[in-house]
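K.L.:
The following file, entry-v6.pdb, comprises PDB, N, CA and C atoms:
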ATOM      1  N   MET A 300      -9.396  63.335  14.693
ATOM      2  CA  MET A 300     -10.150  63.424  13.469
ATOM      3  C   MET A 300      -9.321  64.156  12.417
ATOM      4  N   GLU A 301      -9.415  63.707  11.181
ATOM      5  CA  GLU A 301      -8.639  64.308  10.103
ATOM      6  C   GLU A 301      -9.233  65.642   9.682
ATOM      7  N   LYS A 302      -8.345  66.569   9.355
ATOM      8  CA  LYS A 302      -8.781  67.836   8.793
ATOM      9  C   LYS A 302      -8.794  67.693   7.290
ATOM     10  N   GLU A 303      -9.563  68.545   6.642
ATOM     11  CA  GLU A 303      -9.659  68.492   5.189
ATOM     12  C   GLU A 303      -8.273  68.672   4.578
ATOM     13  N   GLY A 304      -7.951  67.841   3.619
ATOM     14  CA  GLY A 304      -6.665  67.947   2.938
ATOM     15  C   GLY A 304      -5.572  67.094   3.561
ATOM     16  N   GLU A 305      -5.775  66.617   4.785
ATOM     17  CA  GLU A 305      -4.772  65.756   5.411
ATOM     18  C   GLU A 305      -4.912  64.339   4.886
ATOM     19  N   ILE A 306      -3.810  63.665   4.791
ATOM     20  CA  ILE A 306      -3.814  62.278   4.341
ATOM     21  C   ILE A 306      -3.621  61.389   5.556
ATOM     22  N   LYS A 307      -4.499  60.419   5.696
ATOM     23  CA  LYS A 307      -4.392  59.477   6.809
ATOM     24  C   LYS A 307      -3.120  58.656   6.629
ATOM     25  N   GLU A 308      -2.305  58.648   7.649
ATOM     26  CA  GLU A 308      -1.042  57.922   7.584
ATOM     27  C   GLU A 308      -1.290  56.429   7.787
ATOM     28  N   MET A 309      -0.863  55.639   6.835
ATOM     29  CA  MET A 309      -1.010  54.185   6.908
ATOM     30  C   MET A 309       0.372  53.576   7.089
ATOM     31  N   SER A 310       0.450  52.543   7.883
ATOM     32  CA  SER A 310       1.730  51.869   8.014
ATOM     33  C   SER A 310       2.011  51.093   6.735
ATOM     34  N   THR A 311       3.263  50.877   6.476
ATOM     35  CA  THR A 311       3.689  50.170   5.275
ATOM     36  C   THR A 311       3.161  48.744   5.297
ATOM     37  N   PRO A 312       2.543  48.320   4.201
ATOM     38  CA  PRO A 312       2.037  46.941   4.170
ATOM     39  C   PRO A 312       3.173  45.925   4.141
ATOM     40  N   ILE A 313       2.913  44.792   4.740
ATOM     41  CA  ILE A 313       3.853  43.669   4.754
ATOM     42  C   ILE A 313       3.138  42.516   4.069
ATOM     43  N   PHE A 314       3.883  41.730   3.318
ATOM     44  CA  PHE A 314       3.286  40.603   2.606
ATOM     45  C   PHE A 314       3.505  39.320   3.399
ATOM     46  N   TYR A 315       2.431  38.563   3.565
ATOM     47  CA  TYR A 315       2.426  37.335   4.351
ATOM     48  C   TYR A 315       2.012  36.157   3.479
ATOM     49  N   GLY A 316       2.130  34.967   4.041
ATOM     50  CA  GLY A 316       1.684  33.754   3.373
ATOM     51  C   GLY A 316       2.806  33.085   2.613
ATOM     52  N   GLU A 317       2.588  31.835   2.307
ATOM     53  CA  GLU A 317       3.572  31.030   1.593
ATOM     54  C   GLU A 317       3.982  31.683   0.274
ATOM     55  N   PHE A 318       3.033  32.338  -0.382
ATOM     56  CA  PHE A 318       3.306  32.952  -1.677
ATOM     57  C   PHE A 318       3.490  34.461  -1.585
ATOM     58  N   GLN A 319       3.606  34.971  -0.349
ATOM     59  CA  GLN A 319       3.827  36.398  -0.107
ATOM     60  C   GLN A 319       2.826  37.257  -0.880
ATOM     61  N   ASN A 320       1.562  36.842  -0.883
ATOM     62  CA  ASN A 320       0.530  37.545  -1.633
ATOM     63  C   ASN A 320      -0.595  38.101  -0.751
ATOM     64  N   ILE A 321      -0.413  38.037   0.562
ATOM     65  CA  ILE A 321      -1.408  38.565   1.497
ATOM     66  C   ILE A 321      -0.859  39.864   2.077
ATOM     67  N   LYS A 322      -1.504  40.970   1.743
ATOM     68  CA  LYS A 322      -1.016  42.290   2.150
ATOM     69  C   LYS A 322      -1.784  42.782   3.374
ATOM     70  N   LEU A 323      -1.041  43.005   4.465
ATOM     71  CA  LEU A 323      -1.611  43.527   5.707
ATOM     72  C   LEU A 323      -0.657  44.553   6.291
ATOM     73  N   ASN A 324      -1.183  45.579   6.944
ATOM     74  CA  ASN A 324      -0.291  46.469   7.680
ATOM     75  C   ASN A 324      -0.156  45.931   9.109
ATOM     76  N   ASP A 325       0.723  46.529   9.889
ATOM     77  CA  ASP A 325       0.982  46.045  11.259
ATOM     78  C   ASP A 325      -0.284  45.998  12.107
ATOM     79  N   GLU A 326      -1.081  47.053  12.029
ATOM     80  CA  GLU A 326      -2.297  47.119  12.843
ATOM     81  C   GLU A 326      -3.272  46.000  12.471
ATOM     82  N   GLU A 327      -3.435  45.759  11.181
ATOM     83  CA  GLU A 327      -4.333  44.695  10.737
ATOM     84  C   GLU A 327      -3.844  43.333  11.216
ATOM     85  N   TYR A 328      -2.529  43.084  11.080
ATOM     86  CA  TYR A 328      -1.979  41.801  11.513
ATOM     87  C   TYR A 328      -2.179  41.603  13.018
ATOM     88  N   HIS A 329      -1.906  42.627  13.797
ATOM     89  CA  HIS A 329      -2.067  42.508  15.251
ATOM     90  C   HIS A 329      -3.537  42.331  15.637
ATOM     91  N   ASN A 330      -4.445  42.980  14.918
ATOM     92  CA  ASN A 330      -5.878  42.781  15.173
ATOM     93  C   ASN A 330      -6.293  41.345  14.862
ATOM     94  N   LEU A 331      -5.752  40.796  13.771
ATOM     95  CA  LEU A 331      -6.050  39.400  13.438
ATOM     96  C   LEU A 331      -5.531  38.468  14.520
ATOM     97  N   LYS A 332      -4.301  38.710  14.998
ATOM     98  CA  LYS A 332      -3.721  37.882  16.063
ATOM     99  C   LYS A 332      -4.601  37.922  17.310
ATOM    100  N   GLU A 333      -5.120  39.104  17.612
ATOM    101  CA  GLU A 333      -5.966  39.259  18.791
ATOM    102  C   GLU A 333      -7.291  38.506  18.626
ATOM    103  N   LYS A 334      -7.890  38.579  17.449
ATOM    104  CA  LYS A 334      -9.184  37.941  17.210
ATOM    105  C   LYS A 334      -9.068  36.446  16.955
ATOM    106  N   MET A 335      -8.075  36.055  16.162
ATOM    107  CA  MET A 335      -7.966  34.656  15.737
ATOM    108  C   MET A 335      -7.027  33.833  16.602
ATOM    109  N   GLN A 336      -6.196  34.502  17.362
ATOM    110  CA  GLN A 336      -5.211  33.868  18.232
ATOM    111  C   GLN A 336      -4.360  32.868  17.460
ATOM    112  N   THR A 337      -4.395  31.607  17.821
ATOM    113  CA  THR A 337      -3.504  30.620  17.196
ATOM    114  C   THR A 337      -3.907  30.260  15.775
ATOM    115  N   HIS A 338      -5.069  30.712  15.325
ATOM    116  CA  HIS A 338      -5.539  30.377  13.976
ATOM    117  C   HIS A 338      -5.094  31.382  12.913
ATOM    118  N   THR A 339      -4.438  32.461  13.320
ATOM    119  CA  THR A 339      -4.072  33.521  12.375
ATOM    120  C   THR A 339      -3.243  32.998  11.218
ATOM    121  N   ASP A 340      -2.161  32.315  11.516
ATOM    122  CA  ASP A 340      -1.274  31.837  10.452
ATOM    123  C   ASP A 340      -1.963  30.807   9.561
ATOM    124  N   THR A 341      -2.810  29.970  10.148
ATOM    125  CA  THR A 341      -3.559  28.986   9.365
ATOM    126  C   THR A 341      -4.460  29.686   8.357
ATOM    127  N   MET A 342      -5.157  30.720   8.796
ATOM    128  CA  MET A 342      -6.068  31.440   7.911
ATOM    129  C   MET A 342      -5.310  32.209   6.831
ATOM    130  N   ILE A 343      -4.173  32.796   7.186
ATOM    131  CA  ILE A 343      -3.362  33.508   6.190
ATOM    132  C   ILE A 343      -2.874  32.530   5.131
ATOM    133  N   GLU A 344      -2.398  31.364   5.554
ATOM    134  CA  GLU A 344      -1.924  30.355   4.595
ATOM    135  C   GLU A 344      -3.058  29.867   3.703
ATOM    136  N   LYS A 345      -4.232  29.683   4.280
ATOM    137  CA  LYS A 345      -5.388  29.224   3.505
ATOM    138  C   LYS A 345      -5.717  30.230   2.400
ATOM    139  N   LEU A 346      -5.750  31.508   2.739
ATOM    140  CA  LEU A 346      -6.047  32.542   1.747
ATOM    141  C   LEU A 346      -4.927  32.647   0.716
ATOM    142  N   SER A 347      -3.685  32.573   1.164
ATOM    143  CA  SER A 347      -2.540  32.654   0.253
ATOM    144  C   SER A 347      -2.587  31.542  -0.788
ATOM    145  N   ARG A 348      -2.822  30.322  -0.345
ATOM    146  CA  ARG A 348      -2.876  29.177  -1.267
ATOM    147  C   ARG A 348      -4.077  29.265  -2.203
ATOM    148  N   TYR A 349      -5.214  29.686  -1.662
ATOM    149  CA  TYR A 349      -6.411  29.800  -2.496
ATOM    150  C   TYR A 349      -6.204  30.842  -3.601
ATOM    151  N   MET A 350      -5.653  31.992  -3.238
ATOM    152  CA  MET A 350      -5.431  33.036  -4.235
ATOM    153  C   MET A 350      -4.452  32.577  -5.308
ATOM    154  N   LYS A 351      -3.403  31.895  -4.895
ATOM    155  CA  LYS A 351      -2.397  31.419  -5.852
ATOM    156  C   LYS A 351      -2.982  30.355  -6.777
ATOM    157  N   SER A 352      -3.707  29.406  -6.222
ATOM    158  CA  SER A 352      -4.209  28.294  -7.035
ATOM    159  C   SER A 352      -5.380  28.690  -7.932
ATOM    160  N   SER A 353      -6.188  29.645  -7.488
ATOM    161  CA  SER A 353      -7.380  30.019  -8.255
ATOM    162  C   SER A 353      -7.166  31.232  -9.157
ATOM    163  N   GLY A 354      -6.132  32.021  -8.844
ATOM    164  CA  GLY A 354      -5.913  33.259  -9.588
ATOM    165  C   GLY A 354      -6.832  34.389  -9.140
ATOM    166  N   LYS A 355      -7.614  34.142  -8.105
ATOM    167  CA  LYS A 355      -8.562  35.138  -7.600
ATOM    168  C   LYS A 355      -7.826  36.195  -6.779
ATOM    169  N   THR A 356      -8.313  37.428  -6.839
ATOM    170  CA  THR A 356      -7.739  38.510  -6.037
ATOM    171  C   THR A 356      -8.837  39.118  -5.165
ATOM    172  N   TYR A 357      -8.434  39.775  -4.107
ATOM    173  CA  TYR A 357      -9.360  40.427  -3.187
ATOM    174  C   TYR A 357      -8.891  41.850  -2.951
ATOM    175  N   GLN A 358      -9.827  42.780  -2.827
ATOM    176  CA  GLN A 358      -9.482  44.179  -2.585
ATOM    177  C   GLN A 358      -8.906  44.383  -1.192
ATOM    178  N   ASP A 359      -9.418  43.657  -0.216
ATOM    179  CA  ASP A 359      -9.033  43.869   1.178
ATOM    180  C   ASP A 359      -8.785  42.518   1.844
ATOM    181  N   HIS A 360      -7.517  42.170   2.011
ATOM    182  CA  HIS A 360      -7.171  40.869   2.587
ATOM    183  C   HIS A 360      -7.588  40.776   4.052
ATOM    184  N   TYR A 361      -7.507  41.877   4.773
ATOM    185  CA  TYR A 361      -7.909  41.895   6.178
ATOM    186  C   TYR A 361      -9.394  41.530   6.314
ATOM    187  N   ALA A 362     -10.240  42.189   5.547
ATOM    188  CA  ALA A 362     -11.680  41.916   5.599
ATOM    189  C   ALA A 362     -11.986  40.486   5.158
ATOM    190  N   THR A 363     -11.279  40.007   4.152
ATOM    191  CA  THR A 363     -11.483  38.638   3.665
ATOM    192  C   THR A 363     -11.120  37.626   4.741
ATOM    193  N   LEU A 364      -9.991  37.838   5.408
ATOM    194  CA  LEU A 364      -9.576  36.923   6.473
ATOM    195  C   LEU A 364     -10.584  36.913   7.620
ATOM    196  N   LEU A 365     -11.090  38.074   8.000
ATOM    197  CA  LEU A 365     -12.104  38.126   9.061
ATOM    198  C   LEU A 365     -13.362  37.369   8.645
ATOM    199  N   HIS A 366     -13.782  37.556   7.415
ATOM    200  CA  HIS A 366     -14.978  36.874   6.903
ATOM    201  C   HIS A 366     -14.775  35.360   6.892
ATOM    202  N   TRP A 367     -13.648  34.915   6.356
ATOM    203  CA  TRP A 367     -13.362  33.474   6.296
ATOM    204  C   TRP A 367     -13.272  32.884   7.698
ATOM    205  N   TYR A 368     -12.664  33.615   8.622
ATOM    206  CA  TYR A 368     -12.524  33.115   9.990
ATOM    207  C   TYR A 368     -13.891  32.929  10.646
ATOM    208  N   GLU A 369     -14.788  33.882  10.453
ATOM    209  CA  GLU A 369     -16.131  33.754  11.028
ATOM    210  C   GLU A 369     -16.823  32.502  10.501
ATOM    211  N   LYS A 370     -16.622  32.197   9.219
ATOM    212  CA  LYS A 370     -17.230  30.997   8.635
ATOM    213  C   LYS A 370     -16.578  29.720   9.161
ATOM    214  N   ASP A 371     -15.263  29.741   9.414
ATOM    215  CA  ASP A 371     -14.504  28.536   9.789
ATOM    216  C   ASP A 371     -14.246  28.398  11.288
ATOM    217  N   LYS A 372     -14.645  29.385  12.093
ATOM    218  CA  LYS A 372     -14.263  29.431  13.508
ATOM    219  C   LYS A 372     -14.613  28.154  14.270
ATOM    220  N   GLU A 373     -15.836  27.689  14.149
ATOM    221  CA  GLU A 373     -16.250  26.498  14.900
ATOM    222  C   GLU A 373     -15.461  25.269  14.469
ATOM    223  N   LYS A 374     -15.242  25.123  13.173
ATOM    224  CA  LYS A 374     -14.497  23.975  12.655
ATOM    225  C   LYS A 374     -13.042  24.006  13.148
ATOM    226  N   LEU A 375     -12.420  25.183  13.150
ATOM    227  CA  LEU A 375     -11.041  25.313  13.624
ATOM    228  C   LEU A 375     -10.934  24.990  15.111
ATOM    229  N   GLN A 376     -11.875  25.482  15.900
ATOM    230  CA  GLN A 376     -11.844  25.231  17.339
ATOM    231  C   GLN A 376     -12.084  23.761  17.648
ATOM    232  N   LYS A 377     -12.977  23.114  16.890
ATOM    233  CA  LYS A 377     -13.227  21.686  17.088
ATOM    234  C   LYS A 377     -11.976  20.882  16.763
ATOM    235  N   LYS A 378     -11.315  21.229  15.665
ATOM    236  CA  LYS A 378     -10.097  20.525  15.269
ATOM    237  C   LYS A 378      -9.026  20.661  16.352
ATOM    238  N   MET A 379      -8.906  21.859  16.932
ATOM    239  CA  MET A 379      -7.914  22.085  17.978
ATOM    240  C   MET A 379      -8.256  21.268  19.224
ATOM    241  N   ASN A 380      -9.535  21.214  19.587
ATOM    242  CA  ASN A 380      -9.962  20.427  20.750
ATOM    243  C   ASN A 380      -9.722  18.940  20.519
ATOM    244  N   ASP A 381      -9.982  18.465  19.301
ATOM    245  CA  ASP A 381      -9.764  17.055  18.978
ATOM    246  C   ASP A 381      -8.291  16.679  19.092
ATOM    247  N   ARG A 382      -7.412  17.588  18.714
ATOM    248  CA  ARG A 382      -5.968  17.308  18.783
ATOM    249  C   ARG A 382      -5.476  17.190  20.218
ATOM    250  N   SER A 383      -6.095  17.942  21.123
ATOM    251  CA  SER A 383      -5.611  17.958  22.502
ATOM    252  C   SER A 383      -6.159  16.808  23.334
ATOM    253  N   ARG A 384      -7.081  16.054  22.781
ATOM    254  CA  ARG A 384      -7.691  14.965  23.534
ATOM    255  C   ARG A 384      -6.932  13.661  23.264
ATOM    256  N   VAL A 385      -6.824  12.838  24.284
ATOM    257  CA  VAL A 385      -6.156  11.540  24.167
ATOM    258  C   VAL A 385      -7.132  10.551  23.545
ATOM    259  N   PRO A 386      -6.716   9.832  22.487
ATOM    260  CA  PRO A 386      -7.629   8.893  21.829
ATOM    261  C   PRO A 386      -7.929   7.687  22.718
ATOM    262  N   THR A 387      -9.114   7.121  22.504
ATOM    263  CA  THR A 387      -9.477   5.901  23.222
ATOM    264  C   THR A 387      -8.743   4.730  22.577
ATOM    265  N   ILE A 388      -8.700   3.594  23.257
ATOM    266  CA  ILE A 388      -8.050   2.402  22.710
ATOM    267  C   ILE A 388      -8.773   1.939  21.444
ATOM    268  N   GLU A 389     -10.098   2.102  21.425
ATOM    269  CA  GLU A 389     -10.875   1.713  20.241
ATOM    270  C   GLU A 389     -10.484   2.566  19.031
ATOM    271  N   GLU A 390     -10.336   3.867  19.247
ATOM    272  CA  GLU A 390      -9.924   4.763  18.157
ATOM    273  C   GLU A 390      -8.526   4.403  17.670
ATOM    274  N   TYR A 391      -7.656   4.085  18.617
ATOM    275  CA  TYR A 391      -6.289   3.711  18.265
ATOM    276  C   TYR A 391      -6.278   2.422  17.442
ATOM    277  N   MET A 392      -7.046   1.434  17.870
ATOM    278  CA  MET A 392      -7.082   0.141  17.179
ATOM    279  C   MET A 392      -7.686   0.269  15.771
ATOM    280  N   ARG A 393      -8.642   1.169  15.598
ATOM    281  CA  ARG A 393      -9.249   1.389  14.277
ATOM    282  C   ARG A 393      -8.337   2.219  13.379
ATOM    283  N   GLY A 394      -7.324   2.835  13.957
ATOM    284  CA  GLY A 394      -6.433   3.688  13.172
ATOM    285  C   GLY A 394      -6.950   5.105  13.022
ATOM    286  N   ASP A 395      -7.925   5.486  13.847
ATOM    287  CA  ASP A 395      -8.503   6.828  13.772
ATOM    288  C   ASP A 395      -7.553   7.912  14.268
ATOM    289  N   THR A 396      -6.441   7.547  14.836
ATOM    290  CA  THR A 396      -5.537   8.535  15.420
ATOM    291  C   THR A 396      -4.455   8.984  14.454
ATOM    292  N   LEU A 397      -4.351   8.359  13.316
ATOM    293  CA  LEU A 397      -3.287   8.695  12.371
ATOM    294  C   LEU A 397      -3.661   9.816  11.466
TER     295      LEU A 397
END
Show this structure as structure tokens.
P.N.:
Amino acid sequence: MEKEGEIKEMSTPIFYGEFQNIKLNDEEYHNLKEKMQTHTDTMIEKLSRYMKSSGKTYQDHYATLLHWYEKDKEKLQKKMNDRSRVPTIEEYMRGDTL
């Protein structure tokens, strides 16, 4: 526990994403990796592109990523499951596999 007057030591933030506009410290990034697993980089890129294209800013990128992930979790997992499944001949013939 911190004593009065002490400053909580924070690790140096690192910038992530295609536009290097997502600020996370090491602990936050590792927590995201643990919670989101293979979806971490996808979510970081999604936020990076959205912020760049919209001009919107967020006070806390870590909290925003967690919030967005909770909203998108089922859709991301379904997409991953769909990719790992072998298409049927009917799907292939209709062109649904491309």
K.L.:
Since I can't run it myself right now, could you work out what the PyMOL selection byres ((chain A and resi 325-337) around 8) selects here and report it as a list in words?
P.N.:
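Output from the PyMOL selection byres ((chain A and resi 325-337) around 8), applied to this file: Met309, Ser310, Thr311, Pro312, Ile313, Lys322, Leu323, Asn324, His338, Thr339, Asp340, Thr341, Met342, Tyr361, Leu364, Leu365 and Tyr368 of chain A.
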K.L.:
Which centre and edge lengths in Å to one decimal define the box along x, y and z that fits every listed atom of range 321-327 of chain A plus 3 Å per side, as JSON?
P.N.:
{"center_x": -1.7, "center_y": 42.6, "center_z": 6.7, "size_x": 11.3, "size_y": 15.1, "size_z": 18.3}
K.L.:
Between A:Val385, A:Asn380, A:His366, A:Glu317, which one has atoms that come closest to Ser352 in chain A, using only C-alpha atoms?
P.N.:
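Among the listed residues, A:Glu317 lies closest to Ser352 in chain A.
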K.L.:
Please, what distance in Å, to one decimal, runs between CA of Ile321 in chain A and CA of Thr363 in chain A?
P.N.:
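It comes out at 10.3 Å.
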K.L.:
Between atom N of Gln358 in chain A and atom C of Lys370 in chain A, what is the spacing in Å?
P.N.:
19.0 Å
K.L.:
Using DSSP on the backbone coordinates, identify all residues within chain A classified as strand (DSSP E); present the result as an MDAnalysis selection string.
P.N.:
chainID A and resid 313:315 321:323
K.L.:
Neighbours of Asn320 in chain A within 8 Å (only N, CA and C atoms; same-chain residues fewer than 3 positions away dropped), as a list in words?
P.N.:
Ile313, Phe314, Tyr315, Gly316, Glu317, Leu323, Leu346, Ser347, Arg348, Met350, Lys351 and His360 of chain A
K.L.:
Enter the distance from CA of Gln376 in chain A to CA of Phe318 in chain A, in Å, rounded to one decimal.
P.N.:
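So the answer is 25.5 Å.
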